[in-house]
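Data block for target-v8.cif (mmCIF, C-alpha atoms):
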data_final
#
loop_
_atom_site.label_atom_id
_atom_site.label_comp_id
_atom_site.auth_asym_id
_atom_site.auth_seq_id
_atom_site.Cartn_x
_atom_site.Cartn_y
_atom_site.Cartn_z
CA MET A 1 -6.05 10.68 3.53
CA ASN A 2 -6.30 8.57 0.43
CA THR A 3 -6.42 4.88 1.25
CA THR A 4 -6.25 2.97 -2.01
CA TRP A 5 -6.74 -0.22 -3.86
CA THR A 6 -3.85 -0.12 -6.30
CA SER A 7 -4.11 2.18 -9.31
CA LEU A 8 -4.02 1.68 -13.06
CA ARG A 9 -3.26 4.13 -15.82
CA LEU A 10 -1.77 4.31 -19.27
CA PRO A 11 1.93 5.12 -19.57
CA HIS A 12 3.03 8.67 -20.32
CA GLY A 13 2.80 9.39 -24.02
CA ALA A 14 0.75 6.28 -24.83
CA ARG A 15 -1.74 8.24 -26.93
CA PRO A 16 -1.83 9.86 -30.34
CA PRO A 17 -1.27 13.64 -30.61
CA GLY A 18 -4.26 15.58 -29.38
CA ARG A 19 -5.82 12.65 -27.56
CA ARG A 20 -6.32 13.13 -23.83
CA PRO A 21 -4.60 10.51 -21.70
CA CYS A 22 -6.76 7.72 -20.29
CA ARG A 23 -5.66 7.15 -16.74
CA ARG A 24 -7.16 5.50 -13.72
CA LEU A 25 -6.88 7.32 -10.39
CA TRP A 26 -8.09 5.71 -7.16
CA ARG A 27 -9.38 8.88 -5.52
CA THR A 28 -12.79 7.22 -5.65
CA ALA A 29 -14.08 4.20 -7.51
CA ALA A 30 -16.49 6.39 -9.45
CA ALA A 31 -13.77 8.74 -10.63
CA THR A 32 -11.67 5.81 -11.71
CA ALA A 33 -14.46 4.17 -13.65
CA ALA A 34 -15.54 7.43 -15.24
CA THR A 35 -12.05 8.05 -16.57
CA LEU A 36 -11.71 4.60 -18.07
CA THR A 37 -15.26 4.67 -19.41
CA ALA A 38 -14.38 7.76 -21.45
CA CYS A 39 -11.47 5.84 -22.94
CA LEU A 40 -13.56 2.77 -23.62
CA THR A 41 -16.37 4.78 -25.14
CA ALA A 42 -13.97 6.43 -27.57
CA ALA A 43 -12.36 3.12 -28.42
CA SER A 44 -15.72 1.39 -28.88
CA ALA A 45 -16.98 4.11 -31.18
CA SER A 46 -13.82 3.91 -33.24
CA ALA A 47 -14.07 0.12 -33.40
CA ALA A 48 -17.70 0.32 -34.50
CA SER A 49 -16.76 2.64 -37.32
CA THR A 50 -14.28 0.09 -38.61
CA GLY A 51 -16.51 -2.94 -38.53
CA GLY A 52 -16.86 -4.02 -34.88
CA THR A 53 -14.76 -6.09 -32.54
CA ALA A 54 -11.74 -8.16 -33.42
CA LYS A 55 -11.90 -11.88 -34.03
CA ALA A 56 -10.54 -14.35 -31.52
CA THR A 57 -6.77 -14.69 -31.61
CA THR A 58 -4.25 -17.32 -30.65
CA ALA A 59 -1.32 -16.89 -28.25
CA THR A 60 0.95 -15.65 -31.02
CA GLY A 61 1.25 -12.30 -32.71
CA PRO A 62 1.26 -8.73 -31.39
CA VAL A 63 -1.82 -7.46 -29.57
CA SER A 64 -2.86 -3.80 -29.51
CA CYS A 65 -4.61 -2.38 -26.44
CA GLY A 66 -5.32 0.90 -28.17
CA PRO A 67 -8.13 2.08 -30.45
CA PRO A 68 -7.75 1.17 -34.14
CA ASP A 69 -5.95 4.42 -34.95
CA PHE A 70 -3.25 3.98 -32.31
CA PHE A 71 -1.17 0.94 -31.42
CA ILE A 72 -0.39 0.15 -27.77
CA GLN A 73 1.61 -3.06 -27.48
CA CYS A 74 0.19 -5.64 -25.06
CA TYR A 75 0.83 -9.31 -24.45
CA SER A 76 -1.87 -11.92 -24.90
CA PRO A 77 -2.63 -14.35 -22.06
CA GLY A 78 -0.86 -17.05 -24.07
CA GLN A 79 2.29 -14.95 -24.30
CA TYR A 80 2.15 -14.30 -20.55
CA GLN A 81 1.81 -18.04 -19.94
CA VAL A 82 4.96 -18.69 -21.97
CA ALA A 83 6.98 -15.83 -20.50
CA TYR A 84 6.35 -16.89 -16.92
CA GLY A 85 6.73 -20.63 -17.49
CA VAL A 86 3.05 -21.43 -17.00
CA ALA A 87 2.36 -22.93 -20.44
CA PRO A 88 4.10 -26.30 -19.75
CA LEU A 89 2.11 -26.68 -16.53
CA LEU A 90 -1.17 -26.06 -18.34
CA ARG A 91 -0.27 -28.70 -20.91
CA ARG A 92 0.24 -31.16 -18.05
CA GLY A 93 -3.21 -30.40 -16.66
CA ILE A 94 -2.04 -28.12 -13.84
CA THR A 95 -4.56 -25.34 -14.35
CA GLY A 96 -5.63 -24.45 -10.81
CA ASN A 97 -8.60 -26.78 -11.05
CA GLY A 98 -10.24 -27.32 -7.66
CA GLU A 99 -8.63 -24.19 -6.17
CA THR A 100 -10.32 -20.89 -5.33
CA VAL A 101 -8.67 -17.48 -5.54
CA VAL A 102 -10.40 -14.73 -3.56
CA MET A 103 -10.21 -11.06 -4.59
CA PRO A 104 -11.70 -8.09 -2.71
CA GLU A 105 -13.40 -5.50 -4.88
CA LEU A 106 -15.31 -2.32 -4.10
CA ALA A 107 -19.08 -2.66 -4.39
CA ASN A 108 -20.43 -0.39 -7.13
CA ARG A 109 -23.85 0.80 -8.17
CA PRO A 110 -25.10 0.31 -11.75
CA GLY A 111 -24.26 3.14 -14.09
CA PRO A 112 -22.58 4.09 -17.35
CA ASN A 113 -19.16 4.16 -15.67
CA PHE A 114 -19.13 0.43 -14.91
CA THR A 115 -19.30 -2.86 -16.75
CA ASP A 116 -20.75 -6.31 -16.09
CA ILE A 117 -17.98 -8.65 -14.94
CA ARG A 118 -19.75 -11.66 -16.44
CA LYS A 119 -19.75 -10.04 -19.88
CA ASP A 120 -16.16 -8.84 -19.48
CA LEU A 121 -14.90 -12.32 -18.66
CA ALA A 122 -16.94 -13.85 -21.48
CA ALA A 123 -15.40 -11.37 -23.94
CA PHE A 124 -11.93 -12.13 -22.56
CA ASP A 125 -12.43 -15.87 -22.94
CA SER A 126 -13.80 -15.49 -26.45
CA LYS A 127 -11.01 -13.18 -27.55
CA PHE A 128 -8.18 -15.39 -26.32
CA GLY A 129 -9.65 -18.89 -26.47
CA LEU A 130 -9.77 -19.49 -22.71
CA PRO A 131 -12.26 -21.81 -20.98
CA ALA A 132 -15.29 -20.20 -19.38
CA ALA A 133 -14.40 -18.60 -16.07
CA LYS A 134 -15.81 -20.07 -12.87
CA LEU A 135 -17.02 -16.85 -11.26
CA LYS A 136 -18.67 -16.36 -7.89
CA VAL A 137 -19.49 -13.02 -6.28
CA THR A 138 -19.90 -12.90 -2.50
CA THR A 139 -21.85 -9.97 -1.05
CA THR A 140 -21.65 -10.88 2.65
CA LEU A 141 -19.50 -7.88 3.59
CA ALA A 142 -21.01 -5.23 1.31
CA GLY A 143 -24.64 -6.32 0.97
CA ALA A 144 -24.49 -5.22 -2.65
CA SER A 145 -27.74 -5.32 -4.64
CA ALA A 146 -25.87 -5.31 -7.97
CA PRO A 147 -23.14 -7.91 -7.51
CA TYR A 148 -21.93 -8.07 -11.11
CA VAL A 149 -21.28 -4.34 -11.56
CA ALA A 150 -17.51 -4.08 -12.00
CA GLY A 151 -14.80 -1.45 -12.09
CA THR A 152 -11.47 -1.84 -13.85
CA GLU A 153 -9.72 -3.23 -10.77
CA GLU A 154 -12.12 -6.17 -10.70
CA VAL A 155 -11.63 -6.81 -14.41
CA GLU A 156 -7.85 -6.75 -14.00
CA ASP A 157 -7.77 -9.04 -10.96
CA THR A 158 -10.11 -11.66 -12.34
CA GLU A 159 -8.72 -11.76 -15.89
CA ILE A 160 -5.10 -12.09 -14.81
CA VAL A 161 -5.88 -14.91 -12.38
CA HIS A 162 -7.95 -16.60 -15.08
CA ALA A 163 -5.17 -16.20 -17.66
CA ILE A 164 -2.57 -17.90 -15.44
CA ALA A 165 -4.81 -20.44 -13.67
CA PRO A 166 -7.74 -20.93 -16.08
CA GLY A 167 -9.12 -23.87 -14.09
CA ALA A 168 -9.29 -22.02 -10.77
CA SER A 169 -12.51 -20.62 -9.36
CA LEU A 170 -12.70 -16.83 -9.07
CA ASP A 171 -14.40 -15.61 -5.90
CA VAL A 172 -14.95 -11.86 -5.90
CA ILE A 173 -15.76 -10.69 -2.38
CA LEU A 174 -17.36 -7.27 -2.49
CA VAL A 175 -16.32 -4.86 0.25
CA PRO A 176 -18.15 -1.63 1.15
CA ALA A 177 -17.64 1.31 -1.17
CA ASN A 178 -16.13 3.26 1.73
CA ALA A 179 -13.53 0.58 2.46
CA THR A 180 -10.80 2.96 1.27
CA ALA A 181 -12.00 5.98 3.26
CA SER A 182 -9.79 5.42 6.30
CA ALA A 183 -7.30 3.04 7.83
CA ALA A 184 -10.05 1.81 10.14
CA ASN A 185 -12.33 0.99 7.22
CA PHE A 186 -9.46 -0.63 5.34
CA THR A 187 -8.63 -2.79 8.35
CA ALA A 188 -12.25 -3.86 8.74
CA ALA A 189 -12.49 -4.72 5.03
CA VAL A 190 -9.30 -6.78 4.95
CA THR A 191 -9.98 -8.67 8.19
CA GLY A 192 -13.55 -9.36 7.09
CA LEU A 193 -12.32 -10.51 3.70
CA ILE A 194 -9.86 -12.98 5.23
CA HIS A 195 -12.49 -14.44 7.55
CA VAL A 196 -14.88 -14.98 4.64
CA ALA A 197 -12.10 -16.52 2.55
CA ILE A 198 -11.33 -18.99 5.33
CA THR A 199 -14.97 -20.04 5.68
CA GLN A 200 -15.16 -20.57 1.91
CA ASN A 201 -12.07 -22.79 1.90
CA ALA A 202 -10.14 -20.47 -0.38
CA ALA A 203 -6.63 -21.39 -1.46
CA VAL A 204 -5.32 -17.88 -2.04
CA VAL A 205 -6.35 -14.30 -1.26
CA SER A 206 -5.12 -11.63 -3.70
CA ILE A 207 -5.19 -8.08 -2.26
CA SER A 208 -4.31 -5.40 -4.81
CA GLY A 209 -4.47 -2.64 -2.25
CA SER A 210 -2.37 -1.04 0.44
CA HIS A 211 -2.00 1.68 3.01
CA GLY A 212 1.16 3.14 4.50
CA GLU A 213 2.22 1.61 7.80
CA HIS A 214 2.22 4.88 9.71
CA PHE A 215 -1.50 5.46 9.06
CA PHE A 216 -2.49 2.46 11.20
CA THR A 217 -2.95 2.41 14.96
CA PRO A 218 -1.29 -0.37 16.95
CA ALA A 219 -4.72 -1.93 17.48
CA GLN A 220 -5.40 -1.95 13.74
CA VAL A 221 -2.00 -3.50 13.00
CA ALA A 222 -2.70 -6.17 15.63
CA SER A 223 -6.12 -6.86 14.12
CA LEU A 224 -4.68 -7.31 10.63
CA HIS A 225 -1.89 -9.52 11.91
CA ALA A 226 -4.32 -11.70 13.87
CA ALA A 227 -6.44 -12.24 10.76
CA LEU A 228 -3.34 -13.08 8.74
CA ARG A 229 -2.20 -15.48 11.44
CA GLN A 230 -5.56 -17.24 11.21
CA ALA A 231 -5.19 -17.44 7.42
CA ALA A 232 -1.76 -19.04 7.80
CA GLU A 233 -3.09 -21.52 10.34
CA GLN A 234 -5.88 -22.46 7.92
CA HIS A 235 -3.40 -22.84 5.01
CA VAL A 236 -4.62 -19.81 3.05
CA THR A 237 -1.96 -17.88 1.14
CA VAL A 238 -2.30 -14.08 1.18
CA VAL A 239 -0.60 -12.01 -1.55
CA ALA A 240 -0.52 -8.19 -1.46
CA SER A 241 1.26 -5.24 -3.03
CA GLY A 242 1.76 -1.49 -3.33
CA ASP A 243 2.26 0.95 -6.19
CA THR A 244 4.17 4.02 -5.05
CA GLY A 245 7.75 2.92 -4.72
CA VAL A 246 9.65 3.89 -1.63
CA ILE A 247 6.68 5.79 -0.16
CA SER A 248 3.15 4.51 0.37
CA ASP A 249 0.18 4.82 -1.97
CA ASN A 250 -0.93 7.59 0.40
CA GLY A 251 2.28 9.55 -0.05
CA PRO A 252 5.27 10.42 2.14
CA PRO A 253 7.12 9.69 4.33
CA VAL A 254 9.35 6.86 3.14
CA GLN A 255 7.67 3.73 4.46
CA ALA A 256 6.49 0.22 3.71
CA SER A 257 2.80 -0.53 3.25
CA LEU A 258 0.37 -2.94 4.82
CA PRO A 259 -0.70 -5.64 4.35
CA ALA A 260 2.33 -6.54 2.18
CA SER A 261 4.81 -5.62 4.93
CA ASP A 262 3.33 -8.13 7.36
CA PRO A 263 5.68 -11.14 7.45
CA LEU A 264 2.70 -13.48 6.96
CA VAL A 265 1.97 -11.98 3.51
CA LEU A 266 3.70 -12.72 0.23
CA GLY A 267 4.59 -9.20 -0.92
CA ALA A 268 4.57 -8.64 -4.69
CA GLY A 269 6.59 -5.95 -6.45
CA GLY A 270 6.47 -4.80 -10.05
CA THR A 271 8.61 -5.19 -13.17
CA ALA A 272 8.60 -4.25 -16.85
CA LEU A 273 8.57 -7.43 -18.92
CA ASP A 274 10.47 -7.97 -22.16
CA ALA A 275 9.16 -11.03 -24.01
CA SER A 276 8.65 -12.03 -27.63
CA THR A 277 5.49 -10.52 -29.06
CA VAL A 278 5.23 -13.57 -31.31
CA THR A 279 5.93 -16.55 -29.05
CA GLY A 280 6.01 -15.00 -25.57
CA ALA A 281 9.56 -16.28 -25.00
CA TYR A 282 11.09 -14.58 -21.98
CA HIS A 283 13.86 -12.08 -22.69
CA GLY A 284 14.28 -10.14 -19.44
CA GLU A 285 12.81 -7.69 -16.94
CA MET A 286 13.68 -4.52 -15.10
CA ALA A 287 12.11 -2.88 -12.07
CA TRP A 288 8.85 -1.09 -12.84
CA ASN A 289 9.07 2.68 -12.48
CA ALA A 290 6.62 5.15 -14.02
CA ASP A 291 7.93 8.27 -12.25
CA THR A 292 4.97 8.85 -9.92
CA MET A 293 4.36 5.13 -9.54
CA ALA A 294 6.86 2.33 -8.99
CA SER A 295 7.35 -1.08 -7.43
CA ALA A 296 6.67 -0.71 -3.71
CA GLY A 297 9.57 -1.85 -1.59
CA GLY A 298 11.70 -1.10 1.41
CA TYR A 299 11.73 -2.02 5.07
CA SER A 300 8.99 -2.24 7.67
CA SER A 301 9.02 0.01 10.70
CA LEU A 302 6.59 -2.33 12.49
CA PHE A 303 7.77 -5.90 11.94
CA PRO A 304 11.19 -7.30 12.78
CA ARG A 305 12.98 -9.49 10.26
CA PRO A 306 11.22 -12.88 10.12
CA ALA A 307 13.26 -16.05 10.43
CA TYR A 308 12.87 -16.88 6.75
CA GLN A 309 14.77 -13.67 5.90
CA ASP A 310 17.67 -14.36 8.27
CA GLY A 311 21.00 -14.10 6.49
CA VAL A 312 19.59 -12.52 3.33
CA ALA A 313 21.91 -9.80 2.03
CA ARG A 314 20.40 -6.29 2.16
CA ILE A 315 17.95 -7.23 4.91
CA GLY A 316 18.78 -5.87 8.35
CA ARG A 317 16.81 -6.16 11.55
CA MET A 318 13.40 -5.28 10.01
CA ARG A 319 11.17 -7.10 7.52
CA GLY A 320 12.13 -6.39 3.91
CA VAL A 321 9.61 -6.17 1.07
CA PRO A 322 8.72 -7.27 -1.54
CA ASP A 323 9.32 -11.00 -1.61
CA VAL A 324 8.70 -11.50 -5.33
CA ALA A 325 7.61 -9.52 -8.39
CA ALA A 326 5.97 -9.67 -11.82
CA ASP A 327 5.00 -7.42 -14.71
CA ALA A 328 3.34 -4.15 -13.67
CA ASP A 329 4.15 -1.79 -16.53
CA ALA A 330 1.35 -0.60 -18.83
CA SER A 331 3.75 -0.49 -21.77
CA THR A 332 4.53 -4.21 -21.32
CA ALA A 333 1.14 -5.29 -20.02
CA MET A 334 -1.22 -8.17 -20.59
CA ALA A 335 -4.34 -7.16 -22.46
CA LEU A 336 -7.54 -6.87 -20.43
CA THR A 337 -10.83 -7.30 -22.27
CA PHE A 338 -14.08 -5.48 -21.58
CA SER A 339 -17.51 -6.35 -22.91
CA GLY A 340 -17.73 -5.33 -26.54
CA GLY A 341 -14.20 -6.59 -27.15
CA VAL A 342 -12.43 -3.39 -26.07
CA LEU A 343 -8.84 -4.03 -24.90
CA PHE A 344 -6.97 -2.08 -22.24
CA PRO A 345 -3.52 -2.65 -20.70
CA ALA A 346 -3.21 -3.98 -17.18
CA GLN A 347 -0.90 -2.02 -14.94
CA GLY A 348 0.58 -1.71 -11.51
CA THR A 349 1.15 -4.33 -8.90
CA SER A 350 -2.59 -4.87 -9.28
CA ALA A 351 -1.35 -7.04 -12.15
CA ALA A 352 1.58 -8.65 -10.32
CA THR A 353 -0.45 -9.62 -7.26
CA PRO A 354 -3.14 -11.72 -8.98
CA LEU A 355 -0.47 -13.28 -11.19
CA TRP A 356 1.35 -14.56 -8.11
CA ALA A 357 -1.94 -15.62 -6.52
CA ALA A 358 -2.63 -17.70 -9.62
CA VAL A 359 0.84 -19.27 -9.55
CA ILE A 360 0.25 -20.34 -5.94
CA ALA A 361 -3.11 -21.83 -6.97
CA LEU A 362 -1.27 -23.92 -9.58
CA ALA A 363 1.14 -25.13 -6.90
CA ASP A 364 -1.77 -25.97 -4.59
CA GLN A 365 -3.36 -28.14 -7.24
CA ASP A 366 -0.05 -29.84 -7.99
CA ALA A 367 0.51 -30.50 -4.29
CA GLY A 368 -3.00 -31.79 -3.72
CA GLN A 369 -3.36 -29.47 -0.74
CA HIS A 370 -3.37 -25.81 0.18
CA LEU A 371 0.20 -24.71 0.80
CA GLY A 372 -0.84 -21.68 2.83
CA PHE A 373 2.05 -19.65 4.23
CA VAL A 374 4.59 -20.09 1.43
CA ASN A 375 7.18 -17.45 2.34
CA PRO A 376 9.61 -19.85 4.07
CA ALA A 377 9.50 -22.15 1.02
CA ILE A 378 9.94 -19.24 -1.41
CA TYR A 379 13.07 -18.14 0.44
CA ALA A 380 14.39 -21.69 0.83
CA ILE A 381 14.03 -22.31 -2.92
CA ALA A 382 15.63 -18.99 -3.81
CA ARG A 383 18.57 -19.61 -1.47
CA SER A 384 19.08 -23.29 -2.30
CA PRO A 385 22.63 -24.24 -3.34
CA ALA A 386 21.15 -25.98 -6.36
CA ASP A 387 20.33 -23.65 -9.24
CA HIS A 388 16.65 -24.40 -9.72
CA HIS A 389 15.97 -21.49 -12.14
CA ALA A 390 12.72 -20.94 -10.25
CA PHE A 391 12.90 -17.14 -10.45
CA HIS A 392 13.85 -14.56 -13.05
CA ASP A 393 16.35 -12.40 -11.18
CA VAL A 394 15.68 -8.70 -11.85
CA THR A 395 18.84 -6.65 -11.45
CA THR A 396 18.11 -3.32 -13.15
CA GLY A 397 16.08 -0.29 -12.09
CA ASP A 398 14.92 1.39 -8.89
CA ASN A 399 11.79 2.48 -7.04
CA SER A 400 12.40 6.20 -6.60
CA VAL A 401 9.19 8.19 -7.06
CA LEU A 402 8.23 11.74 -7.94
CA TRP A 403 5.77 13.24 -5.48
CA PRO A 404 4.45 16.82 -5.78
CA THR A 405 6.77 17.91 -2.98
CA ARG A 406 9.98 16.33 -4.28
CA VAL A 407 11.66 13.18 -5.56
CA PHE A 408 11.93 10.44 -2.96
CA THR A 409 15.06 8.41 -3.63
CA GLY A 410 14.36 4.71 -3.49
CA TYR A 411 16.31 1.50 -3.59
CA THR A 412 18.01 -0.19 -6.52
CA ALA A 413 17.43 -3.64 -7.91
CA GLY A 414 20.37 -6.01 -7.86
CA PRO A 415 21.41 -9.66 -7.93
CA ARG A 416 19.44 -12.02 -5.71
CA TRP A 417 16.95 -10.44 -3.26
CA ASP A 418 16.47 -6.68 -3.38
CA PRO A 419 13.94 -4.23 -1.84
CA VAL A 420 12.44 -3.41 -5.25
CA THR A 421 11.64 -6.77 -6.87
CA GLY A 422 12.39 -9.30 -4.12
CA TRP A 423 13.67 -12.57 -5.59
CA GLY A 424 12.20 -11.66 -8.98
CA SER A 425 9.41 -13.03 -11.14
CA PRO A 426 8.28 -16.66 -11.43
CA ASN A 427 9.57 -19.29 -13.77
CA ALA A 428 6.53 -21.35 -12.87
CA ASP A 429 7.50 -24.53 -14.70
CA ASN A 430 10.36 -24.90 -12.22
CA LEU A 431 8.92 -23.09 -9.20
CA VAL A 432 5.54 -24.82 -8.95
CA PRO A 433 6.94 -28.37 -8.61
CA LEU A 434 9.45 -27.14 -6.02
CA LEU A 435 6.66 -25.60 -3.96
CA ALA A 436 4.32 -28.54 -4.41
CA HIS A 437 6.78 -31.40 -3.85
CA PRO A 438 9.68 -30.16 -1.71
CA ALA A 439 10.70 -33.69 -0.68
CA ARG A 440 11.50 -34.49 -4.31
CA HIS A 441 13.88 -31.55 -4.52
CA GLY A 442 16.24 -31.75 -1.60
CA GLY A 443 13.74 -31.40 1.22
CA ILE A 444 12.97 -27.70 0.74
CA ALA A 445 10.75 -26.83 3.72
CA HIS A 446 7.52 -24.90 3.88
CA SER A 447 7.99 -23.78 7.46
#
So that I can check it, write out the structure of this file as structure tokens.
Amino acid sequence: MNTTWTSLRLPHGARPPGRRPCRRLWRTAAATAATLTACLTAASASAASTGGTAKATTATGPVSCGPPDFFIQCYSPGQYQVAYGVAPLLRRGITGNGETVVMPELANRPGPNFTDIRKDLAAFDSKFGLPAAKLKVTTTLAGASAPYVAGTEEVEDTEIVHAIAPGASLDVILVPANATASAANFTAAVTGLIHVAITQNAAVVSISGSHGEHFFTPAQVASLHAALRQAAEQHVTVVASGDTGVISDNGPPVQASLPASDPLVLGAGGTALDASTVTGAYHGEMAWNADTMASAGGYSSLFPRPAYQDGVARIGRMRGVPDVAADADASTAMALTFSGGVLFPAQGTSAATPLWAAVIALADQDAGQHLGFVNPAIYAIARSPADHHAFHDVTTGDNSVLWPTRVFTGYTAGPRWDPVTGWGSPNADNLVPLLAHPARHGGIAHS
């Protein structure tokens, strides 16, 4: 059984002839880091031979996430901010200041396969002109002796939150290295994480990990739901995702994945973003599908349809996921930065989840309070008779996936809500004020 935090890899063919693909597989954290380290080592050596790291750039112009001899198109944080409507909010001082976003990460031991998250964030800030990140690492659950040792998942989570909500505090909560070994361990890690987040007055919890519903016992499902209920009662938003389309990250059968399928969680799907590589202006999106990985979506076998989904086309008697989506495709990714200035493309709903967590943090700051359980408000805004342009509707693509045994036919994206990309990606300049000040916009309710 392979319980996973969500995976990251380069797209097929994104390498020059003769170069082995650099891909990140969450069989174990060490295997993942070792694979990426090989890529980074090669890229660093190539960069050194051509005069070192690149100079800091602005939000405009194409960005390459490949070594100097091979171009892999990525977006800069500034281009992401424009594409998703965040830039106008930042100019108005809505940066996430005063809010804390919590992210669980596997505890790692020092070694050549890992980086120092402090140095990674410093390189990211220097490269793209961002303010210094407000980083905290909590070791309560893992008892880690080397708290700043980071794998790629941690770099991706923290840098995407920081890119979208540069004023927010980043609280990395380390979980035991065996947190992905079983459903029981996963349940203990997630419930422990939520309890710590509540005690630390977090605004949002971003969980870039999942496990198929059928792997959990009823007691484990109840334990997760109770922790999520407590988070909702304490006004903490929980965002989660999955990466393997119509099946779970653990494989067949067709199923939804926890914790995203719990009705108390904002489930995030994945897209491929088309935006200007000069200005970041939004052009469009389609559902993310990389053959063996795709936007997780479908219908829960555990949770009945929540009230906020009543009357939504394509949702029957059971909870539908995801609720929303954002960029998850490595070929349209935001650039991550590692110490030494090496760039690498973000990928998977591990990118979409922290992006949505950061958007909620912006709304929390704008509201002057933690909004907590936002799903009813998200659905009310999306279904409002007024055309608020709060979401980019994603109507193309599907989440079928290729598994070694066969192709599992998924669902198709379409107008309005769909079980591949939910309501779509955020147009934050319109969405954040609607979430923060519902009374100003027709009384849109949060519950």
Just the residues within 10 Å of region 246-252 of chain A, please, counting only C-alpha atoms, with nothing from its chain fewer than 4 positions along; format it as a VMD selection string. chain A and resid 1 to 7 26 209 to 215 242 256 to 258 293 to 299 398 to 406 408 to 411 419 to 420
So the first atom is CA of Tyr379 (chain A) and the second is CA of Gly284 (chain A); what is the distance between them in Å, to one decimal place? 21.5 Å
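Across the structure, CA of Ala272 (chain A) and CA of Val359 (chain A) are spaced 18.4 Å apart.
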Could you list, as number ranges by chain, every residue within 8 Å of region 132-141 of chain A, counting only C-alpha atoms and ignoring same-chain residues fewer than 5 positions away? A: 118, 121-122, 125, 147-148, 162, 166-176, 189, 192-193
Tell me which residues the PyMOL selection byres ((chain A and resi 267) around 9) grabs here, as a VMD selection string. chain A and resid 238 to 242 259 to 263 265 to 266 268 to 269 297 321 to 325 353 422
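Taking all atoms listed in the file into account, Ala307 (chain A) lies nearest to A:Pro376 out of the set A:Pro67, A:Gly341, A:Pro376, A:Gly143.
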Counting only C-alpha atoms, figure out which residue out of A:Ala232, A:Ala326, A:Leu371, A:Ala177 gets nearest to Arg109 (chain A). A:Ala177
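With only C-alpha atoms as the atoms that count, the minimum distance from Glu233 (chain A) to the choices A:Phe114, A:Tyr75, A:Trp423, A:Phe373 is reached by A:Phe373.
Picture a line from CA of Ala165 (chain A) to CA of Ala231 (chain A); it runs 21.3 Å.
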Could you list, with a cut-off of 12 Å and counting all atoms listed in the file, the residues of region 39-148 of chain A near region 180-187 of chain A, each shown with its nearest atom pair and the distance in Å rounded to one decimal, rows sorted by chain and ascending number, as JSON lines?
{"residue": "A:Pro104", "atom": "CA", "partner": "A:Phe186", "partner_atom": "CA", "distance": 11.2}
{"residue": "A:Glu105", "atom": "CA", "partner": "A:Thr180", "partner_atom": "CA", "distance": 10.8}
{"residue": "A:Leu106", "atom": "CA", "partner": "A:Thr180", "partner_atom": "CA", "distance": 8.8}
{"residue": "A:Ala107", "atom": "CA", "partner": "A:Thr180", "partner_atom": "CA", "distance": 11.5}
{"residue": "A:Leu141", "atom": "CA", "partner": "A:Asn185", "partner_atom": "CA", "distance": 12.0}
Pick out the residues sitting within 7 Å of Leu343 (chain A), and hand them over as an MDAnalysis selection string; count only C-alpha atoms, and ignore anything fewer than 3 positions along from it in its own chain. chainID A and resid 65:66 335:338
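The shortest atom-to-atom distance to Ala146 (chain A), with all atoms listed in the file taken into account, belongs to A:Asn108 out of A:Asn427, A:Ser301, A:Asn108, A:Ser384.
Of the residues under consideration (A:Pro438, A:Pro253, A:Gly340, A:Gly320), A:Gly340 shows the shortest atom-to-atom contact distance to Asp116 (chain A) when counting only C-alpha atoms.
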Identify, on the basis of only C-alpha atoms, every residue whose closest approach to Leu90 (chain A) does not exceed 10 Å; exclude the query and any residue fewer than 3 positions from it along the same chain; express the result as a PyMOL selection string. chain A and resi 81+85-87+93-96+164-167+362+429
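Remark: for Asp327 (chain A), the closest of the candidate residues A:Gly424, A:Gly78, A:Gly111, A:Gly311 is A:Gly424 (distances computed over all atoms listed in the file).
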List the residues selected by the PyMOL selection byres ((chain A and resi 274) around 12) in the file shown, writing them as a compact mmCIF listing (two decimals) with C-alpha atoms, in the coordinates of the input.
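For reference, part.txt as written:
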# COMPACT_ATOMS: atom_id res chain seq x y z
CA GLN A 73 1.61 -3.06 -27.48
CA CYS A 74 0.19 -5.64 -25.06
CA TYR A 75 0.83 -9.31 -24.45
CA GLN A 79 2.29 -14.95 -24.30
CA TYR A 80 2.15 -14.30 -20.55
CA ALA A 83 6.98 -15.83 -20.50
CA TYR A 84 6.35 -16.89 -16.92
CA THR A 271 8.61 -5.19 -13.17
CA ALA A 272 8.60 -4.25 -16.85
CA LEU A 273 8.57 -7.43 -18.92
CA ALA A 275 9.16 -11.03 -24.01
CA SER A 276 8.65 -12.03 -27.63
CA THR A 277 5.49 -10.52 -29.06
CA VAL A 278 5.23 -13.57 -31.31
CA THR A 279 5.93 -16.55 -29.05
CA GLY A 280 6.01 -15.00 -25.57
CA ALA A 281 9.56 -16.28 -25.00
CA TYR A 282 11.09 -14.58 -21.98
CA HIS A 283 13.86 -12.08 -22.69
CA GLY A 284 14.28 -10.14 -19.44
CA GLU A 285 12.81 -7.69 -16.94
CA MET A 286 13.68 -4.52 -15.10
CA ALA A 287 12.11 -2.88 -12.07
CA TRP A 288 8.85 -1.09 -12.84
CA ALA A 326 5.97 -9.67 -11.82
CA ASP A 327 5.00 -7.42 -14.71
CA ALA A 328 3.34 -4.15 -13.67
CA ASP A 329 4.15 -1.79 -16.53
CA SER A 331 3.75 -0.49 -21.77
CA THR A 332 4.53 -4.21 -21.32
CA ALA A 333 1.14 -5.29 -20.02
CA MET A 334 -1.22 -8.17 -20.59
CA HIS A 392 13.85 -14.56 -13.05
CA VAL A 394 15.68 -8.70 -11.85
Any chance you could resolve the PyMOL selection byres ((chain A and resi 194-202) around 7) against this file and give the residues as a VMD selection string? chain A and resid 100 to 102 190 to 193 203 to 204 227 231 234 236
